[in-house]
Structure formats: structure tokens, C-alpha cells
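Structure file input_15.tsv with TSV, C-alpha atoms:
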chain	number	residue	atom	x	y	z
A	1	MET	CA	12.45	-33.72	9.76
A	2	SER	CA	9.51	-31.34	10.03
A	3	LYS	CA	6.10	-32.76	10.80
A	4	LYS	CA	3.68	-33.14	7.90
A	5	ASP	CA	-0.09	-32.90	8.28
A	6	SER	CA	-2.72	-34.39	5.98
A	7	VAL	CA	-4.42	-31.16	4.93
A	8	THR	CA	-6.10	-31.05	1.52
A	9	ASP	CA	-8.32	-28.37	-0.01
A	10	THR	CA	-10.31	-28.73	-3.20
A	11	ILE	CA	-9.87	-25.57	-5.28
A	12	GLY	CA	-11.52	-25.34	-8.67
A	13	GLY	CA	-12.02	-29.08	-8.68
A	14	ILE	CA	-8.33	-29.77	-7.97
A	15	ASP	CA	-7.07	-31.27	-4.70
A	16	VAL	CA	-4.27	-29.14	-3.22
A	17	THR	CA	-2.27	-30.68	-0.37
A	18	ASP	CA	-0.70	-28.36	2.19
A	19	PRO	CA	1.26	-30.52	4.70
A	20	TYR	CA	2.96	-27.56	6.40
A	21	ARG	CA	-0.09	-25.40	7.05
A	22	TRP	CA	0.36	-25.91	10.77
A	23	LEU	CA	3.43	-23.66	10.56
A	24	GLU	CA	1.19	-20.69	9.69
A	25	GLU	CA	0.03	-20.50	13.32
A	26	SER	CA	3.01	-18.49	14.55
A	27	SER	CA	1.63	-18.13	18.10
A	28	ASP	CA	1.24	-21.90	18.58
A	29	PRO	CA	3.78	-23.30	21.12
A	30	GLU	CA	4.61	-26.16	18.74
A	31	VAL	CA	5.45	-23.70	15.96
A	32	LYS	CA	7.57	-21.58	18.32
A	33	GLU	CA	9.49	-24.70	19.31
A	34	TRP	CA	9.99	-25.57	15.63
A	35	VAL	CA	11.40	-22.10	14.91
A	36	LYS	CA	13.75	-22.39	17.90
A	37	SER	CA	15.00	-25.78	16.74
A	38	GLN	CA	15.68	-24.41	13.26
A	39	ASN	CA	17.65	-21.48	14.68
A	40	ASP	CA	19.61	-23.83	16.97
A	41	ARG	CA	20.49	-26.01	14.00
A	42	ILE	CA	21.75	-23.03	12.01
A	43	GLU	CA	23.92	-21.95	14.95
A	44	THR	CA	25.40	-25.45	15.09
A	45	GLU	CA	26.02	-25.82	11.36
A	46	ILE	CA	27.40	-22.37	10.58
A	47	GLN	CA	30.57	-21.18	12.29
A	48	ASP	CA	31.54	-17.55	12.91
A	49	ASP	CA	33.76	-17.25	9.84
A	50	GLN	CA	30.95	-18.59	7.65
A	51	TYR	CA	28.58	-15.88	8.86
A	52	GLU	CA	30.89	-13.19	7.51
A	53	LYS	CA	31.31	-14.99	4.20
A	54	ILE	CA	27.56	-15.45	3.75
A	55	SER	CA	26.90	-11.86	4.82
A	56	ASP	CA	29.39	-10.49	2.29
A	57	GLU	CA	27.84	-12.59	-0.48
A	58	LEU	CA	24.30	-11.47	0.37
A	59	VAL	CA	25.33	-7.81	0.53
A	60	ALA	CA	27.11	-8.06	-2.84
A	61	ASN	CA	24.03	-9.60	-4.44
A	62	TYR	CA	21.71	-7.06	-2.83
A	63	GLN	CA	23.71	-3.97	-3.81
A	64	THR	CA	22.54	-3.71	-7.39
A	65	THR	CA	20.44	-1.15	-9.22
A	66	ASN	CA	16.78	-1.99	-8.74
A	67	PHE	CA	13.79	-0.22	-10.23
A	68	SER	CA	10.05	-0.61	-10.66
A	69	THR	CA	8.04	-0.77	-13.87
A	70	PRO	CA	7.32	2.86	-14.87
A	71	LYS	CA	3.72	4.04	-14.76
A	72	TYR	CA	2.86	6.04	-17.87
A	73	VAL	CA	0.31	8.84	-17.46
A	74	ASN	CA	-0.27	11.54	-20.08
A	75	GLY	CA	3.30	11.56	-21.37
A	76	ARG	CA	4.95	11.25	-17.95
A	77	TYR	CA	6.77	8.25	-16.55
A	78	VAL	CA	6.81	7.70	-12.79
A	79	TYR	CA	8.94	5.00	-11.21
A	80	MET	CA	11.05	3.95	-8.21
A	81	GLU	CA	14.78	3.25	-8.37
A	82	ARG	CA	17.44	2.25	-5.86
A	83	LYS	CA	21.13	2.46	-6.77
A	84	PRO	CA	23.77	0.12	-5.27
A	85	ASP	CA	24.89	2.66	-2.66
A	86	GLN	CA	21.36	3.51	-1.51
A	87	ASP	CA	19.34	1.88	1.25
A	88	GLN	CA	15.93	3.11	0.08
A	89	HIS	CA	14.20	3.52	-3.26
A	90	VAL	CA	13.89	7.02	-4.72
A	91	LEU	CA	10.72	8.18	-6.49
A	92	TYR	CA	11.30	9.79	-9.90
A	93	VAL	CA	9.25	11.28	-12.73
A	94	LYS	CA	10.24	11.93	-16.36
A	95	LYS	CA	8.23	14.32	-18.54
A	96	SER	CA	9.08	12.20	-21.59
A	97	ALA	CA	11.00	9.04	-22.38
A	98	GLU	CA	14.05	11.12	-23.33
A	99	ALA	CA	13.85	13.69	-20.52
A	100	ASP	CA	16.11	13.73	-17.48
A	101	PRO	CA	14.41	12.37	-14.35
A	102	GLN	CA	13.08	14.73	-11.69
A	103	THR	CA	13.39	13.57	-8.11
A	104	VAL	CA	9.97	13.46	-6.49
A	105	PHE	CA	11.30	12.29	-3.13
A	106	ASP	CA	14.58	10.78	-1.96
A	107	PRO	CA	14.30	9.31	1.55
A	108	ASN	CA	18.01	8.51	1.78
A	109	GLY	CA	19.87	10.68	4.28
A	110	LYS	CA	16.82	12.78	5.17
A	111	LYS	CA	17.26	11.99	8.85
A	112	GLU	CA	20.42	10.89	10.66
A	113	GLU	CA	18.74	8.77	13.32
A	114	ASN	CA	15.54	7.59	11.63
A	115	THR	CA	14.93	5.65	8.43
A	116	LEU	CA	12.41	7.01	5.94
A	117	ALA	CA	10.84	4.96	3.16
A	118	ILE	CA	8.27	5.47	0.41
A	119	THR	CA	5.48	2.97	1.04
A	120	TYR	CA	3.11	3.73	-1.88
A	121	TRP	CA	2.52	6.25	-4.65
A	122	THR	CA	-0.17	7.28	-7.14
A	123	VAL	CA	-0.22	9.58	-10.17
A	124	SER	CA	-3.07	11.99	-10.87
A	125	GLN	CA	-5.03	11.42	-14.08
A	126	THR	CA	-3.36	14.36	-15.85
A	127	GLY	CA	0.12	13.33	-14.71
A	128	ARG	CA	0.71	16.69	-13.05
A	129	PHE	CA	0.69	15.46	-9.44
A	130	VAL	CA	2.25	12.49	-7.68
A	131	SER	CA	0.87	11.55	-4.27
A	132	PHE	CA	2.94	9.23	-2.09
A	133	GLY	CA	3.29	7.94	1.46
A	134	VAL	CA	6.41	8.34	3.60
A	135	SER	CA	6.87	6.11	6.63
A	136	GLU	CA	9.45	6.40	9.39
A	137	ASP	CA	11.41	3.57	11.05
A	138	GLY	CA	9.22	0.89	9.50
A	139	ASN	CA	6.03	2.42	10.87
A	140	GLU	CA	3.26	1.76	8.34
A	141	MET	CA	1.41	4.93	9.43
A	142	ALA	CA	2.71	6.96	6.52
A	143	THR	CA	2.32	10.68	5.92
A	144	LEU	CA	0.65	11.38	2.57
A	145	ARG	CA	2.46	14.05	0.51
A	146	VAL	CA	1.84	15.62	-2.93
A	147	TYR	CA	4.45	16.61	-5.53
A	148	ASP	CA	3.77	19.07	-8.38
A	149	VAL	CA	5.52	17.77	-11.51
A	150	GLU	CA	5.03	20.97	-13.54
A	151	ASN	CA	6.65	23.22	-10.93
A	152	ASP	CA	9.08	20.62	-9.54
A	153	SER	CA	7.90	21.38	-6.01
A	154	MET	CA	6.36	19.71	-2.98
A	155	LEU	CA	2.96	21.02	-1.92
A	156	ASP	CA	2.26	21.93	1.68
A	157	ASP	CA	-0.48	19.28	1.83
A	158	ALA	CA	0.56	16.62	4.37
A	159	ILE	CA	-1.89	14.09	5.80
A	160	ILE	CA	-0.73	11.89	8.68
A	161	ASN	CA	-1.81	8.34	9.56
A	162	CYS	CA	-2.45	7.16	6.00
A	163	ARG	CA	-1.45	3.52	6.32
A	164	PHE	CA	-2.70	2.43	2.89
A	165	ALA	CA	-4.08	5.61	1.33
A	166	SER	CA	-5.44	4.10	-1.94
A	167	THR	CA	-5.34	7.65	-3.35
A	168	THR	CA	-7.82	8.25	-6.19
A	169	TRP	CA	-7.71	11.60	-8.02
A	170	LEU	CA	-10.44	13.63	-9.66
A	171	SER	CA	-9.78	14.16	-13.37
A	172	ASP	CA	-9.32	17.94	-12.95
A	173	ASP	CA	-6.61	17.55	-10.26
A	174	SER	CA	-8.66	19.58	-7.77
A	175	GLY	CA	-8.45	16.89	-5.12
A	176	PHE	CA	-8.51	13.20	-4.33
A	177	TYR	CA	-10.25	10.51	-2.32
A	178	TYR	CA	-8.08	8.56	0.10
A	179	VAL	CA	-8.09	6.24	3.12
A	180	ARG	CA	-6.97	7.54	6.51
A	181	ASN	CA	-6.55	5.91	9.90
A	182	PRO	CA	-7.47	7.60	13.19
A	183	ARG	CA	-5.05	9.70	15.21
A	184	PRO	CA	-3.75	8.51	18.60
A	185	GLY	CA	-6.38	9.23	21.23
A	186	GLU	CA	-9.30	8.94	18.81
A	187	VAL	CA	-9.58	5.17	19.31
A	188	PRO	CA	-8.52	2.71	22.04
A	189	GLU	CA	-4.77	2.31	22.50
A	190	GLY	CA	-3.23	-0.08	19.99
A	191	GLU	CA	-6.00	0.36	17.40
A	192	THR	CA	-4.73	3.29	15.31
A	193	HIS	CA	-3.82	0.81	12.55
A	194	MET	CA	-7.51	-0.12	12.39
A	195	HIS	CA	-10.74	1.88	11.91
A	196	PRO	CA	-9.84	3.16	8.38
A	197	LYS	CA	-12.20	5.62	6.70
A	198	VAL	CA	-12.50	7.15	3.23
A	199	TYR	CA	-12.13	10.94	2.96
A	200	PHE	CA	-12.00	13.57	0.22
A	201	HIS	CA	-9.19	16.14	0.23
A	202	THR	CA	-9.20	19.37	-1.78
A	203	LEU	CA	-5.68	20.48	-2.69
A	204	GLY	CA	-4.54	23.32	-0.47
A	205	ASP	CA	-7.15	22.72	2.24
A	206	ASP	CA	-6.43	21.78	5.84
A	207	PRO	CA	-6.74	17.96	6.08
A	208	GLU	CA	-8.65	18.41	9.33
A	209	ASN	CA	-11.51	19.75	7.21
A	210	ASP	CA	-11.53	16.81	4.77
A	211	GLU	CA	-14.97	15.38	4.07
A	212	LEU	CA	-15.73	11.94	5.52
A	213	ILE	CA	-17.16	9.75	2.74
A	214	PHE	CA	-17.30	6.21	4.10
A	215	GLY	CA	-16.42	4.19	7.18
A	216	GLU	CA	-18.55	5.53	10.02
A	217	ASP	CA	-19.87	2.70	12.26
A	218	ARG	CA	-18.03	0.10	10.19
A	219	PRO	CA	-16.03	-2.89	11.55
A	220	LYS	CA	-12.64	-1.75	12.82
A	221	GLU	CA	-10.93	-4.49	10.78
A	222	ASP	CA	-12.07	-2.99	7.45
A	223	MET	CA	-9.56	-2.82	4.58
A	224	PRO	CA	-10.94	-0.32	2.02
A	225	LYS	CA	-9.74	0.07	-1.56
A	226	ILE	CA	-11.20	2.76	-3.81
A	227	GLY	CA	-11.43	3.65	-7.50
A	228	ILE	CA	-13.15	6.31	-9.60
A	229	SER	CA	-15.05	6.32	-12.89
A	230	PRO	CA	-13.57	8.25	-15.87
A	231	ASP	CA	-16.30	10.91	-15.68
A	232	ASP	CA	-15.89	11.49	-11.92
A	233	SER	CA	-19.46	10.32	-11.31
A	234	TYR	CA	-18.87	7.24	-9.17
A	235	LEU	CA	-16.43	6.06	-6.54
A	236	SER	CA	-16.12	2.32	-5.94
A	237	ILE	CA	-15.32	1.18	-2.41
A	238	ARG	CA	-14.21	-2.41	-1.93
A	239	VAL	CA	-14.11	-3.34	1.74
A	240	GLY	CA	-13.67	-6.51	3.76
A	241	GLN	CA	-12.12	-7.76	6.97
A	242	ASP	CA	-10.09	-10.62	5.48
A	243	TRP	CA	-9.01	-12.07	2.12
A	244	THR	CA	-11.89	-14.50	1.66
A	245	GLU	CA	-14.85	-12.21	1.01
A	246	ASN	CA	-15.70	-8.53	0.74
A	247	ASP	CA	-18.45	-6.03	0.03
A	248	ILE	CA	-18.47	-3.47	-2.76
A	249	PHE	CA	-20.20	-0.11	-2.51
A	250	ILE	CA	-20.78	2.58	-5.12
A	251	TYR	CA	-20.65	6.21	-3.96
A	252	GLU	CA	-22.47	8.63	-6.28
A	253	ILE	CA	-20.30	11.74	-6.14
A	254	ASP	CA	-22.96	14.32	-7.09
A	255	THR	CA	-25.59	13.13	-4.62
A	256	GLY	CA	-23.50	11.50	-1.91
A	257	GLU	CA	-25.65	8.37	-2.10
A	258	ILE	CA	-23.95	5.07	-1.24
A	259	THR	CA	-25.29	1.78	-2.60
A	260	LYS	CA	-24.05	-1.72	-1.76
A	261	ILE	CA	-23.80	-3.82	-4.94
A	262	ILE	CA	-21.89	-6.85	-3.62
A	263	ASN	CA	-22.72	-8.40	-0.28
A	264	GLY	CA	-19.79	-10.59	0.71
A	265	ASP	CA	-20.48	-13.53	-1.61
A	266	GLY	CA	-16.81	-13.88	-2.56
A	267	PHE	CA	-13.53	-11.99	-2.82
A	268	TYR	CA	-13.29	-9.34	-5.54
A	269	SER	CA	-10.41	-7.05	-6.50
A	270	GLY	CA	-12.83	-4.18	-7.10
A	271	ILE	CA	-14.57	-2.38	-9.94
A	272	LEU	CA	-12.81	-1.59	-13.22
A	273	PHE	CA	-14.49	1.49	-14.69
A	274	LEU	CA	-14.46	1.86	-18.48
A	275	GLN	CA	-15.96	4.69	-20.54
A	276	ASP	CA	-19.43	3.17	-20.77
A	277	LYS	CA	-19.43	0.22	-18.38
A	278	ALA	CA	-18.03	-1.19	-15.14
A	279	ILE	CA	-16.46	-4.62	-14.79
A	280	LEU	CA	-16.42	-6.58	-11.54
A	281	GLU	CA	-12.93	-8.00	-11.05

For the file at hand, write its structure as C-alpha cells.
Amino acid sequence: MSKKDSVTDTIGGIDVTDPYRWLEESSDPEVKEWVKSQNDRIETEIQDDQYEKISDELVANYQTTNFSTPKYVNGRYVYMERKPDQDQHVLYVKKSAEADPQTVFDPNGKKEENTLAITYWTVSQTGRFVSFGVSEDGNEMATLRVYDVENDSMLDDAIINCRFASTTWLSDDSGFYYVRNPRPGEVPEGETHMHPKVYFHTLGDDPENDELIFGEDRPKEDMPKIGISPDDSYLSIRVGQDWTENDIFIYEIDTGEITKIINGDGFYSGILFLQDKAILE
């Protein structure tokens, strides 16, 4: 039997008991010993022939067609789909509900030795462009690419080290704001997954010339998320170092002025911009 602790939090006036919270400390020697004992028990209970049977059953259940909810933008539908014989999801776009799908990017079979995967994607406000991240061998440091739906072609724009890009497009498709991590050598070894900053990229420009918007002299543990107002006047920047509280800044695009509107008094999803107002989520 696993040990139970008496841990209770009061959330919204309700007592929530969490007797196994001690297992969240994966580096604790007691937790490591618990994991080892569980693995040892599995080895004892399951014989070699059972492994094959369980493996076959899991593979059969896993090899089904799987797809995401389509995102509808200006008549286009963008979605991910993985067929039974595919290891990775493919990114598609349809110009109408009845149209045949166009393949934005298929990571399957792109490289013989390395595994590619699409880690995130965003559609421009007009629906003409799809920006997405491609990671290699499970490395979260994705390369940000851009696909032109109208011309069924991939643009030359490629931005490396975009772990969680949070791409946010201008309404005229001329460019987008995004989050980028530093290159190796720019920060201490082992910290390239940290120190994220917000940049602006103009389509067709060299990413090395992208304008730095936010993140200079900020905590290296920052996790930025951005959004833009319908009239391209304001960029919201939600940033925090954990999931308990965060700050929210507003960047005025015309002037470049940045104003903090929330100072870490709770955890917020961000700002939802409407036509004539903004809602704090």
C-alpha cells in the first residue's frame, strides 16, 4: 500500500484532500524508492508472454485515426490529423468545408534517422498564412515556419529556438509577434530553454533583424503569452515564472510604450480583446 499524507487545501471554501501529494517530488529519495518498488512489482506480476499481449493490445488501440478540432478563420479550416499508419500528426488546411485538404506540413518520413513533430500552430487573421513549430527528436526548441495557403507553398522564413512561440499576427498579414529563446552561446550552458523574449518579425525579413519588444532584463524563468487587439493597437503580454501568479503588460504598438496593468496578484489567462473593450481572463 502506498503511504497517504494528511494534506488538505481550502479552495473556494471547499476542503480538498490530496493524500498523495508527496509523490509530486520526483527527486525525493522516498519517491524514487516508491517508483522502483512499483516497477519491481510489475516485473513480478507480468510475465514475458503477457508483455507481448499487452503491447499488441495497446498498439491496436493507438492505431486509429485521430484529429484535432478544426480552427475556422475567414472561410478556412485548419486542423491536425494522424492516420492509423502514421506516427505523427499532419497539419492540413481546407479552403472551404467541401474542399480537398491541402497539406501544410507532414513530418512523417521527412528524416530517416530523426523524428520530426509539429508542436504548435497558429492561423493569421485573414486565414492566408499558417505559422507552426517543428521540433526534432523530442527537442522542444522548435523551428518556426510559415505556410502560404493561397499559393500552397512554404515561405523561406524560418526562426530557430522558438520553444513556445505564441505567434500573434497583424491583421494585414505583414508580420507577427512571437516568443523566441536564446541561441546556444548567448546564455549560460543549459539555459537556452529559459530567457524567452518577445520579438516582431516582418514576413520576408532576416529573423536576425527582428525587433525586440519585451523581455530584456527579465527573470530567466519567464513564460510569456501574447495577444493582439482587433485594430492592431495593443499587444497584451502575460508573463510569470510559475502557475500561481503572473503580471500583465500592455504594449502600445504605435508608440512602443509598455504599461504594467496587473502586478502578480493572481493567475490570469491573459487579455481577451473585443472590438471596444478588453476583458481580463

message: Counting all atoms listed in the file, which residues sit no farther than 12 Å from the position (-12.6, -4.2, -4.8) in the file's frame? I'd like them as a VMD selection string.
response: chain A and resid 166 223 to 228 235 to 240 243 245 to 250 261 to 264 266 to 273 279 to 281

Could you build a table of the residues in segment 148-181 of chain A lying no more than 9 Å from segment 128-132 of chain A, giving for each the nearest pair of atoms and their separation in Å rounded to one decimal place, using all atoms listed in the file, ordered by chain and ascending residue number, as a tab-separated table?
residue	atom	partner	partner_atom	distance
A:Asp148	CA	A:Phe129	CA	4.9
A:Val149	CA	A:Arg128	CA	5.2
A:Glu150	CA	A:Arg128	CA	6.1
A:Ala165	CA	A:Phe132	CA	8.6
A:Thr167	CA	A:Ser131	CA	7.4
A:Asp173	CA	A:Phe129	CA	7.6

task: Give me the residues within 8 Å of His201 of chain A as a PyMOL selection string, counting only C-alpha atoms and dropping any in the same chain fewer than 6 places off.
output: chain A and resi 175-178+207+210-211

task: Work out how far atom CA of Asn139 of chain A is from atom CA of Thr65 of chain A, in Å to one decimal.
output: 25.0 Å

query: Rounded to one decimal in Å, what is the spacing between atom CA of Ala278 of chain A and atom CA of Thr126 of chain A?
result: 21.4 Å

field: Contacts of Tyr147 of chain A within 12 Å, all atoms listed in the file, excl. fewer than 3 positions in-chain, as a ChimeraX atom specification
entry: /A:78,91-93,102-105,121-124,127-133,144,150-158,203

task: Using all atoms listed in the file, give me every residue within 10 Å of (-0.5, -25.4, 8.4) in file coordinates, as JSON, numbers by chain.
output: {"A": [4, 5, 6, 7, 18, 19, 20, 21, 22, 23, 24, 25, 26, 31]}

Option closest in space to Val90 of chain A, from A:Trp34, A:Tyr234, A:Phe67, A:Tyr199 [counting only C-alpha atoms]: A:Phe67

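Rounded to one decimal, atom CA of Glu81 of chain A and atom CA of Asn66 of chain A lie 5.6 Å from each other.
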
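Candidate residues A:Lys36, A:Leu274, A:Arg82, A:Gln125 were compared for distance to Trp169 of chain A, and the nearest is A:Gln125, using all atoms listed in the file.
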
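If only C-alpha atoms are the atoms counted, then among A:Lys197, A:Lys94, A:Lys83, A:Arg180 the closest residue to Asp106 of chain A is A:Lys83.
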
query: Skipping near chain neighbours, those fewer than 6 positions away, what residues fall within 9 Å of His193 of chain A using all atoms listed in the file, listed as a ChimeraX atom specification?
result: /A:140-141,161,163,181-182

task: Can you work out which one of A:Arg76, A:Ser171, A:Ile213, A:Ile14 has the shortest atom-to-atom distance to Asp231 of chain A, counting only C-alpha atoms?
output: A:Ser171
